[in-house]
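Content type mmCIF, C-alpha atoms and all ligand atoms, from the file protein16.cif:
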```
data_coords
#
loop_
_atom_site.label_atom_id
_atom_site.label_comp_id
_atom_site.auth_asym_id
_atom_site.auth_seq_id
_atom_site.Cartn_x
_atom_site.Cartn_y
_atom_site.Cartn_z
CA MET A 1 13.34 -1.78 18.48
CA GLN A 2 11.30 -0.63 21.50
CA ALA A 3 9.01 -3.32 22.93
CA PRO A 4 5.37 -2.17 22.55
CA PRO A 5 3.76 -0.74 25.71
CA ALA A 6 2.05 -3.38 27.84
CA ALA A 7 -1.33 -1.89 26.81
CA ALA A 8 -0.59 -2.64 23.15
CA ARG A 9 0.44 -6.20 24.06
CA CYS A 10 -2.75 -6.76 26.02
CA ASP A 11 -4.83 -5.30 23.15
CA ALA A 12 -3.05 -7.68 20.80
CA ASP A 13 -3.79 -10.70 23.01
CA GLU A 14 -7.45 -9.70 23.33
CA LEU A 15 -7.77 -9.00 19.59
CA ILE A 16 -6.27 -12.38 18.69
CA ARG A 17 -8.15 -14.44 21.29
CA ARG A 18 -11.56 -12.97 20.39
CA ALA A 19 -11.27 -13.59 16.63
CA ALA A 20 -13.36 -16.31 14.97
CA ALA A 21 -10.59 -16.61 12.36
CA LEU A 22 -6.99 -15.45 11.92
CA ILE A 23 -6.19 -14.51 8.31
CA PHE A 24 -2.45 -14.53 7.61
CA ASP A 25 -0.49 -12.72 4.96
CA VAL A 26 2.53 -14.78 3.81
CA ASP A 27 5.56 -12.82 2.62
CA GLY A 28 7.12 -10.87 5.44
CA THR A 29 4.47 -12.05 7.93
CA LEU A 30 4.83 -15.83 8.22
CA ALA A 31 8.50 -15.69 7.18
CA GLU A 32 11.02 -13.13 5.93
CA THR A 33 10.70 -14.42 2.36
CA GLU A 34 11.15 -11.15 0.45
CA GLU A 35 14.95 -11.42 0.61
CA LEU A 36 14.66 -14.87 -1.04
CA HIS A 37 12.24 -13.47 -3.63
CA ARG A 38 14.79 -10.75 -4.40
CA GLN A 39 17.57 -13.34 -4.88
CA ALA A 40 15.27 -15.49 -7.03
CA PHE A 41 14.41 -12.53 -9.27
CA ASN A 42 18.11 -11.79 -9.79
CA LEU A 43 18.85 -15.45 -10.60
CA ALA A 44 16.05 -15.43 -13.19
CA PHE A 45 17.30 -12.19 -14.77
CA ALA A 46 20.80 -13.66 -15.07
CA ARG A 47 19.44 -16.93 -16.48
CA GLN A 48 17.57 -15.00 -19.19
CA GLY A 49 20.57 -12.81 -20.04
CA LEU A 50 19.06 -9.59 -18.68
CA ASP A 51 21.50 -7.09 -17.16
CA TRP A 52 18.97 -6.32 -14.39
CA HIS A 53 20.04 -6.59 -10.77
CA TRP A 54 17.80 -5.61 -7.87
CA ASP A 55 19.79 -4.74 -4.74
CA ARG A 56 17.94 -4.36 -1.44
CA ALA A 57 17.41 -0.62 -1.84
CA VAL A 58 15.94 -1.01 -5.35
CA TYR A 59 13.84 -3.99 -4.23
CA LYS A 60 12.50 -2.12 -1.20
CA ASP A 61 11.18 0.58 -3.55
CA LEU A 62 9.85 -1.96 -6.07
CA LEU A 63 7.94 -3.73 -3.28
CA ARG A 64 5.41 -0.90 -3.44
CA VAL A 65 4.15 -2.85 -6.45
CA THR A 66 2.54 -6.10 -5.34
CA GLY A 67 2.87 -9.20 -7.51
CA GLY A 68 6.13 -10.41 -9.01
CA LYS A 69 4.93 -10.13 -12.62
CA GLU A 70 3.60 -6.62 -12.04
CA ARG A 71 6.84 -5.67 -10.25
CA MET A 72 8.97 -6.74 -13.25
CA ARG A 73 6.71 -4.79 -15.63
CA ALA A 74 6.97 -1.69 -13.40
CA TYR A 75 10.76 -1.99 -13.34
CA HIS A 76 10.91 -2.47 -17.12
CA ALA A 77 8.70 0.59 -17.64
CA SER A 78 11.05 2.65 -15.45
CA LEU A 79 13.97 1.81 -17.76
CA ARG A 80 12.35 3.62 -20.73
CA THR A 81 15.22 2.58 -23.04
CA ALA A 82 14.74 -1.17 -22.62
CA ALA A 83 13.60 -3.43 -25.43
CA PRO A 84 9.88 -4.37 -25.33
CA LEU A 85 8.91 -7.00 -22.75
CA VAL A 86 5.89 -8.99 -23.88
CA ASP A 87 3.59 -10.96 -21.57
CA GLU A 88 5.19 -14.27 -22.56
CA ASP A 89 8.61 -12.94 -21.55
CA VAL A 90 7.23 -11.83 -18.18
CA ALA A 91 5.50 -15.16 -17.63
CA GLU A 92 8.68 -17.10 -18.48
CA LEU A 93 10.81 -14.89 -16.20
CA HIS A 94 8.30 -15.39 -13.39
CA ARG A 95 8.22 -19.15 -13.90
CA ILE A 96 12.03 -19.32 -13.66
CA LYS A 97 12.03 -17.00 -10.65
CA THR A 98 9.43 -19.14 -8.87
CA ALA A 99 11.53 -22.26 -9.47
CA HIS A 100 14.57 -20.54 -7.97
CA PHE A 101 12.48 -19.36 -5.01
CA ALA A 102 11.39 -22.94 -4.29
CA GLU A 103 15.02 -24.13 -4.48
CA LEU A 104 16.07 -21.45 -2.00
CA VAL A 105 13.18 -22.19 0.38
CA ASN A 106 13.94 -25.92 0.23
CA THR A 107 17.41 -25.27 1.67
CA GLY A 108 15.56 -24.52 4.94
CA CYS A 109 17.20 -21.08 5.16
CA CYS A 110 13.89 -19.26 5.66
CA PRO A 111 12.20 -20.41 8.88
CA LEU A 112 8.88 -19.09 10.14
CA ARG A 113 9.24 -15.78 11.97
CA PRO A 114 9.33 -15.79 15.80
CA GLY A 115 5.97 -16.59 17.38
CA VAL A 116 4.26 -17.80 14.17
CA ALA A 117 4.27 -21.57 14.89
CA GLY A 118 3.16 -20.94 18.48
CA LEU A 119 0.29 -18.69 17.41
CA LEU A 120 -0.91 -21.17 14.76
CA ALA A 121 -0.88 -24.00 17.33
CA ALA A 122 -2.60 -21.93 20.03
CA ALA A 123 -5.29 -20.76 17.59
CA ARG A 124 -5.99 -24.34 16.57
CA ALA A 125 -6.11 -25.41 20.22
CA ARG A 126 -8.72 -22.67 20.83
CA GLY A 127 -10.78 -23.89 17.88
CA GLN A 128 -10.13 -20.73 15.87
CA ARG A 129 -10.16 -21.01 12.08
CA LEU A 130 -7.05 -20.21 10.06
CA ALA A 131 -6.78 -18.73 6.58
CA ILE A 132 -4.21 -17.25 4.20
CA ALA A 133 -4.67 -14.11 2.07
CA THR A 134 -1.58 -13.41 0.00
CA THR A 135 -0.35 -11.81 -3.24
CA THR A 136 2.15 -14.56 -3.95
CA SER A 137 1.39 -17.86 -5.69
CA HIS A 138 0.08 -21.19 -4.37
CA GLY A 139 3.39 -22.77 -5.39
CA ASN A 140 5.33 -20.37 -3.20
CA ILE A 141 2.98 -20.86 -0.24
CA ASP A 142 3.31 -24.64 -0.55
CA ALA A 143 7.11 -24.51 -0.82
CA LEU A 144 7.38 -22.35 2.30
CA LEU A 145 4.81 -24.11 4.52
CA SER A 146 5.73 -27.66 3.48
CA GLN A 147 9.26 -26.86 4.62
CA ALA A 148 8.17 -25.13 7.84
CA LEU A 149 5.06 -27.11 8.88
CA GLY A 150 5.29 -30.38 6.97
CA THR A 151 3.56 -31.48 3.76
CA ARG A 152 0.14 -31.71 5.42
CA TRP A 153 0.18 -27.98 6.37
CA ALA A 154 -2.92 -27.15 4.27
CA ALA A 155 -5.14 -29.38 6.45
CA ASP A 156 -4.95 -26.72 9.18
CA PHE A 157 -6.19 -23.87 6.97
CA ASP A 158 -9.87 -23.41 6.06
CA ALA A 159 -9.12 -21.08 3.16
CA VAL A 160 -5.97 -20.30 1.15
CA VAL A 161 -6.37 -17.45 -1.36
CA ALA A 162 -3.39 -16.41 -3.51
CA GLY A 163 -2.70 -13.48 -5.83
CA ASP A 164 -3.81 -15.12 -9.05
CA ASP A 165 -7.11 -16.31 -7.48
CA VAL A 166 -8.55 -12.80 -7.60
CA ARG A 167 -8.94 -9.98 -10.11
CA HIS A 168 -7.01 -7.34 -8.21
CA LYS A 169 -3.98 -7.85 -5.94
CA LYS A 170 -3.38 -5.96 -2.67
CA PRO A 171 -3.93 -3.12 -1.77
CA ALA A 172 -7.27 -4.05 -3.35
CA PRO A 173 -9.41 -5.98 -0.80
CA ASP A 174 -10.10 -8.91 -3.15
CA VAL A 175 -8.08 -11.65 -1.41
CA TYR A 176 -9.61 -10.75 1.97
CA LEU A 177 -13.14 -10.60 0.57
CA GLU A 178 -12.62 -14.02 -1.03
CA VAL A 179 -11.34 -15.50 2.25
CA LEU A 180 -14.36 -14.10 4.14
CA ALA A 181 -16.72 -15.54 1.53
CA ARG A 182 -15.12 -18.97 1.79
CA LEU A 183 -15.15 -18.88 5.62
CA LYS A 184 -18.71 -17.47 5.67
CA LEU A 185 -17.60 -15.06 8.41
CA ASP A 186 -18.12 -11.32 8.90
CA ALA A 187 -15.04 -9.11 8.59
CA PRO A 188 -15.18 -7.62 12.13
CA ASP A 189 -15.18 -11.15 13.60
CA CYS A 190 -11.78 -11.90 12.06
CA VAL A 191 -8.24 -10.53 12.41
CA ALA A 192 -5.72 -10.06 9.58
CA VAL A 193 -2.03 -10.50 10.41
CA GLU A 194 0.02 -8.39 7.98
CA ASP A 195 3.46 -6.76 7.53
CA SER A 196 3.01 -4.03 4.89
CA SER A 197 0.94 -0.92 4.25
CA ASN A 198 -0.46 -2.55 1.08
CA GLY A 199 -1.63 -5.47 3.20
CA LEU A 200 -3.05 -3.17 5.87
CA ILE A 201 -4.98 -1.21 3.22
CA ALA A 202 -6.30 -4.41 1.58
CA ALA A 203 -7.59 -5.89 4.86
CA SER A 204 -8.95 -2.53 6.06
CA ARG A 205 -10.88 -2.03 2.79
CA ALA A 206 -12.46 -5.45 3.44
CA GLY A 207 -13.36 -4.30 6.98
CA VAL A 208 -11.00 -6.74 8.71
CA PRO A 209 -9.14 -5.46 11.83
CA VAL A 210 -5.37 -5.71 11.37
CA LEU A 211 -2.48 -6.73 13.60
CA ILE A 212 0.83 -5.65 12.07
CA THR A 213 4.08 -7.56 12.62
CA ARG A 214 6.88 -5.30 11.33
CA SER A 215 9.17 -6.93 8.74
CA MET A 216 12.55 -6.41 7.00
CA PHE A 217 11.40 -4.27 4.07
CA PHE A 218 8.32 -2.51 5.47
CA GLY A 219 9.42 -1.43 8.97
CA GLU A 220 8.87 2.27 8.27
CA ASP A 221 5.46 1.94 6.57
CA ASP A 222 2.48 3.93 7.90
CA PHE A 223 0.52 1.57 10.17
CA THR A 224 -1.77 4.20 11.71
CA ALA A 225 -4.89 2.25 10.67
CA ALA A 226 -3.71 -0.96 12.37
CA ARG A 227 -5.33 -2.06 15.66
CA VAL A 228 -1.96 -3.19 17.01
CA VAL A 229 1.66 -2.98 15.76
CA LEU A 230 4.23 -5.49 17.05
CA ASP A 231 7.85 -6.08 16.08
CA ASP A 232 7.02 -9.78 15.88
CA LEU A 233 4.42 -12.27 17.08
CA SER A 234 6.57 -13.59 19.93
CA GLU A 235 5.47 -10.39 21.76
CA LEU A 236 2.01 -11.88 22.15
CA GLY A 237 1.29 -13.07 25.70
CA ALA A 238 1.82 -16.70 26.75
CA ALA A 239 -1.95 -17.38 26.71
CA THR A 240 -2.00 -16.45 23.02
CA GLN A 241 1.05 -18.52 22.22
CA LYS A 242 1.92 -22.14 22.60
CA THR A 243 5.60 -22.42 23.39
CA GLU A 244 6.13 -26.19 23.29
CA LYS A 245 7.73 -27.53 20.12
CA GLN A 246 5.12 -28.32 17.44
CA PRO A 247 5.01 -32.02 16.44
CA HIS A 248 5.84 -31.26 12.81
CA ALA A 249 8.24 -28.36 13.43
CA GLN A 250 11.66 -28.88 11.88
C1 LIG B 301 4.09 -10.23 -1.30
C2 LIG B 301 4.11 -9.93 -2.74
C3 LIG B 301 4.55 -10.99 -3.71
C4 LIG B 301 6.00 -11.39 -3.42
C5 LIG B 301 6.62 -12.11 -4.61
O1 LIG B 301 2.94 -11.01 -1.08
O2 LIG B 301 3.75 -8.82 -3.13
O3 LIG B 301 4.46 -10.44 -5.00
O4 LIG B 301 6.77 -10.19 -3.24
O5 LIG B 301 5.83 -13.25 -4.93
P1 LIG B 301 2.18 -11.00 0.39
P2 LIG B 301 5.37 -13.48 -6.46
O6 LIG B 301 2.95 -10.05 1.30
O7 LIG B 301 0.78 -10.51 0.08
O8 LIG B 301 2.25 -12.42 0.86
O9 LIG B 301 6.60 -13.29 -7.32
O10 LIG B 301 4.82 -14.88 -6.49
O11 LIG B 301 4.32 -12.42 -6.70
MG MG B 302 3.44 -9.36 3.15
#
```
Output the file's structure as C-alpha cells, nothing else.
Amino acid sequence: MQAPPAAARCDADELIRRAAALIFDVDGTLAETEELHRQAFNLAFARQGLDWHWDRAVYKDLLRVTGGKERMRAYHASLRTAAPLVDEDVAELHRIKTAHFAELVNTGCCPLRPGVAGLLAAARARGQRLAIATTTSHGNIDALLSQALGTRWAADFDAVVAGDDVRHKKPAPDVYLEVLARLKLDAPDCVAVEDSSNGLIAASRAGVPVLITRSMFFGEDDFTAARVVLDDLSELGAATQKTEKQPHAQ
C-alpha cells in the first residue's frame, strides 16, 4: 500500500507526542488477532457438533458485529432454519472458543504488529499514560500481552477496559468513556489507536481523536473521521518510536 504523505506522518508524530494518554484497541491494532479468533470460533463449532464454518469472507462480514457472543447470535439469526440457540449455548460456545484462542495465542504465532512495541516503550519513556479500550475479554487481552510483553504487561497500563466491563460494546463510546473516567483525563487530551470503523466511531463519540492503523479485515473501512490513517505504526517517525529491542520482548 502507498506510504502516507510526509504531512500525514508528521501529523501522526505530533498527535502521538502531544497526547497525555494513548488508548489502544486490541484486536487488529496491537496484533492481527482476528484470524486467530476466526479459527477459534470454527474449532468451537466443530467441538460442539455445529456444522457452522466461518471462512474469511464470511468472517469479514460478521466482524461488523462487535463481540464474539453477539456475532454468533447474529450468524444464528441469519440462518433462519437453525434450531434455537439459548444464552447458555452461546456462553458455552464462547467459553470453548476463548480457550482455543488462548491455545493459539500461546503458540506465539501472533506477534504484536510492526511498531507497537516501539510505540509503547517510547510513550512510557515520555511519561505518557497507556490504556486499553477493547470489545474482547480480559482473558484474551492477558493471553495476547503475556505472550508478547511478558506476564507483568498490565503494570504498564493505567486502565484496561474490556467488552464485558461496559453496557454497550463498540461502536458505542462506553469503553472509551470508562477509560477516560479511570484516567481522569479529558477526551481531547488523549489519542485512540484503532483499526476499524466501529472503533473509530466509538472513540469519536467519546470525543477522543483517532489514529487508524489499517488491519487485515478492515482495510477498506471508511476512516474519514480519523485524524491520521497509517498502514501500520512503524510509519511513525523515529522520535515517536523506540527501535531498540524491549527487555521483555520475545
Ligand atoms: C474486536 C471484537 C471482538 C473479537 C473477538 O475487539 O469485536 O469481539 O472479534 O473477541 P476490539 P471476543 O477490536 O475492540 O479489540 O470473542 O472475546 O468478543
Ligand atoms: Mg479492533
Neighbours of A:Thr98 within 10 Å (all atoms listed in the file; same-chain residues fewer than 4 positions away dropped), as a JSON list (two decimals) with C-alpha atoms, in the frame of the given file?
```
[["chain", "number", "residue", "atom", "x", "y", "z"],
["A", 37, "HIS", "CA", 12.24, -13.47, -3.63],
["A", 40, "ALA", "CA", 15.27, -15.49, -7.03],
["A", 41, "PHE", "CA", 14.41, -12.53, -9.27],
["A", 44, "ALA", "CA", 16.05, -15.43, -13.19],
["A", 68, "GLY", "CA", 6.13, -10.41, -9.01],
["A", 92, "GLU", "CA", 8.68, -17.10, -18.48],
["A", 93, "LEU", "CA", 10.81, -14.89, -16.20],
["A", 94, "HIS", "CA", 8.30, -15.39, -13.39],
["A", 102, "ALA", "CA", 11.39, -22.94, -4.29],
["A", 103, "GLU", "CA", 15.02, -24.13, -4.48],
["A", 104, "LEU", "CA", 16.07, -21.45, -2.00],
["A", 136, "THR", "CA", 2.15, -14.56, -3.95],
["A", 137, "SER", "CA", 1.39, -17.86, -5.69],
["A", 139, "GLY", "CA", 3.39, -22.77, -5.39],
["A", 140, "ASN", "CA", 5.33, -20.37, -3.20],
["A", 143, "ALA", "CA", 7.11, -24.51, -0.82]]
```
Contacts with ligand LIG 301 (chain B) at most 10 Å, all atoms listed in the file counted, listed as a compact mmCIF listing (two decimals) with C-alpha atoms, in the frame of the given file:
```
# COMPACT_ATOMS: atom_id res chain seq x y z
CA PHE A 24 -2.45 -14.53 7.61
CA ASP A 25 -0.49 -12.72 4.96
CA VAL A 26 2.53 -14.78 3.81
CA ASP A 27 5.56 -12.82 2.62
CA GLY A 28 7.12 -10.87 5.44
CA THR A 29 4.47 -12.05 7.93
CA LEU A 30 4.83 -15.83 8.22
CA ALA A 31 8.50 -15.69 7.18
CA GLU A 32 11.02 -13.13 5.93
CA THR A 33 10.70 -14.42 2.36
CA GLU A 34 11.15 -11.15 0.45
CA GLU A 35 14.95 -11.42 0.61
CA LEU A 36 14.66 -14.87 -1.04
CA HIS A 37 12.24 -13.47 -3.63
CA ARG A 38 14.79 -10.75 -4.40
CA ALA A 40 15.27 -15.49 -7.03
CA PHE A 41 14.41 -12.53 -9.27
CA TYR A 59 13.84 -3.99 -4.23
CA LEU A 62 9.85 -1.96 -6.07
CA LEU A 63 7.94 -3.73 -3.28
CA ARG A 64 5.41 -0.90 -3.44
CA VAL A 65 4.15 -2.85 -6.45
CA THR A 66 2.54 -6.10 -5.34
CA GLY A 67 2.87 -9.20 -7.51
CA GLY A 68 6.13 -10.41 -9.01
CA LYS A 69 4.93 -10.13 -12.62
CA GLU A 70 3.60 -6.62 -12.04
CA ARG A 71 6.84 -5.67 -10.25
CA MET A 72 8.97 -6.74 -13.25
CA LEU A 93 10.81 -14.89 -16.20
CA HIS A 94 8.30 -15.39 -13.39
CA ARG A 95 8.22 -19.15 -13.90
CA LYS A 97 12.03 -17.00 -10.65
CA THR A 98 9.43 -19.14 -8.87
CA PHE A 101 12.48 -19.36 -5.01
CA ILE A 132 -4.21 -17.25 4.20
CA ALA A 133 -4.67 -14.11 2.07
CA THR A 134 -1.58 -13.41 0.00
CA THR A 135 -0.35 -11.81 -3.24
CA THR A 136 2.15 -14.56 -3.95
CA SER A 137 1.39 -17.86 -5.69
CA HIS A 138 0.08 -21.19 -4.37
CA GLY A 139 3.39 -22.77 -5.39
CA ASN A 140 5.33 -20.37 -3.20
CA ILE A 141 2.98 -20.86 -0.24
CA ALA A 162 -3.39 -16.41 -3.51
CA GLY A 163 -2.70 -13.48 -5.83
CA ASP A 164 -3.81 -15.12 -9.05
CA LYS A 169 -3.98 -7.85 -5.94
CA LYS A 170 -3.38 -5.96 -2.67
CA PRO A 171 -3.93 -3.12 -1.77
CA VAL A 175 -8.08 -11.65 -1.41
CA GLU A 194 0.02 -8.39 7.98
CA ASP A 195 3.46 -6.76 7.53
CA SER A 196 3.01 -4.03 4.89
CA SER A 197 0.94 -0.92 4.25
CA ASN A 198 -0.46 -2.55 1.08
CA GLY A 199 -1.63 -5.47 3.20
CA ALA A 202 -6.30 -4.41 1.58
```
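Here atom CA of A:Leu183 and atom CA of A:Glu14 stand 21.4 Å from one another.
Straight-line separation from atom CA of A:Arg80 to atom CA of A:Arg56: 21.6 Å.
The protein and nucleic acid residues lying at most 9 Å from stretch 236-241 of chain A are A:Arg9, A:Cys10, A:Ala12, A:Asp13, A:Glu14, A:Ile16, A:Arg17, A:Gly115, A:Val116, A:Ala117, A:Gly118, A:Leu119, A:Leu120, A:Ala121, A:Ala122, A:Ala123, A:Leu230, with all atoms listed in the file considered and sequence neighbours fewer than 5 positions away removed.
Atom CA of A:Ile201 lies 28.5 Å from atom CA of A:Asn42.
The residue that comes closest to A:Leu233, out of A:Leu112, A:Ala154, A:Val160, A:Val179 and on the basis of all atoms listed in the file, is A:Leu112.
Using only C-alpha atoms and all ligand atoms, the shortest contact distance between ligand MG 302 (chain B) and any of A:Ser215, A:Ala20, A:Glu235, A:Asp221 is found at A:Ser215.
Among the candidates A:Thr107, A:Thr213, A:Thr224, A:Ser234, the one nearest to ligand MG 302 (chain B) when counting only C-alpha atoms and all ligand atoms is A:Thr213.
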Name all residues at most 6 Å from A:Val208 (count only C-alpha atoms; drop same-chain ones fewer than 4 positions away) and give them as a short mmCIF file (atom, residue, chain, number, x, y, z; two decimals) with C-alpha atoms, keeping the file's coordinate frame.
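In the end it all went to selection26.cif:
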```
data_model
loop_
_atom_site.label_atom_id
_atom_site.label_comp_id
_atom_site.auth_asym_id
_atom_site.auth_seq_id
_atom_site.Cartn_x
_atom_site.Cartn_y
_atom_site.Cartn_z
CA ALA A 187 -15.04 -9.11 8.59
CA PRO A 188 -15.18 -7.62 12.13
CA VAL A 191 -8.24 -10.53 12.41
CA ALA A 203 -7.59 -5.89 4.86
CA SER A 204 -8.95 -2.53 6.06
#
```
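Shortest separation to A:Asp156 among A:Leu22, A:Val229, A:Ala57, A:Leu185 occurs at residue A:Leu22, atoms counted being all atoms listed in the file.
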- prompt: Mind listing as a VMD selection string all residues within 8 Å of (-4.9, -2.9, 12.3), counting only C-alpha atoms?
  reply: chain A and resid 192 200 204 209 to 212 223 to 229
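With distances restricted to all atoms listed in the file, A:Arg214 is the closest residue to ligand MG 302 (chain B) from A:Arg214, A:Gly127, A:Glu220, A:Ala21.
Minimum atom-to-atom distances from A:Ala125, A:Asn106, A:Gly207, A:Val193 to ligand MG 302 (chain B) were compared using all atoms listed in the file, and the lowest value belongs to A:Val193.
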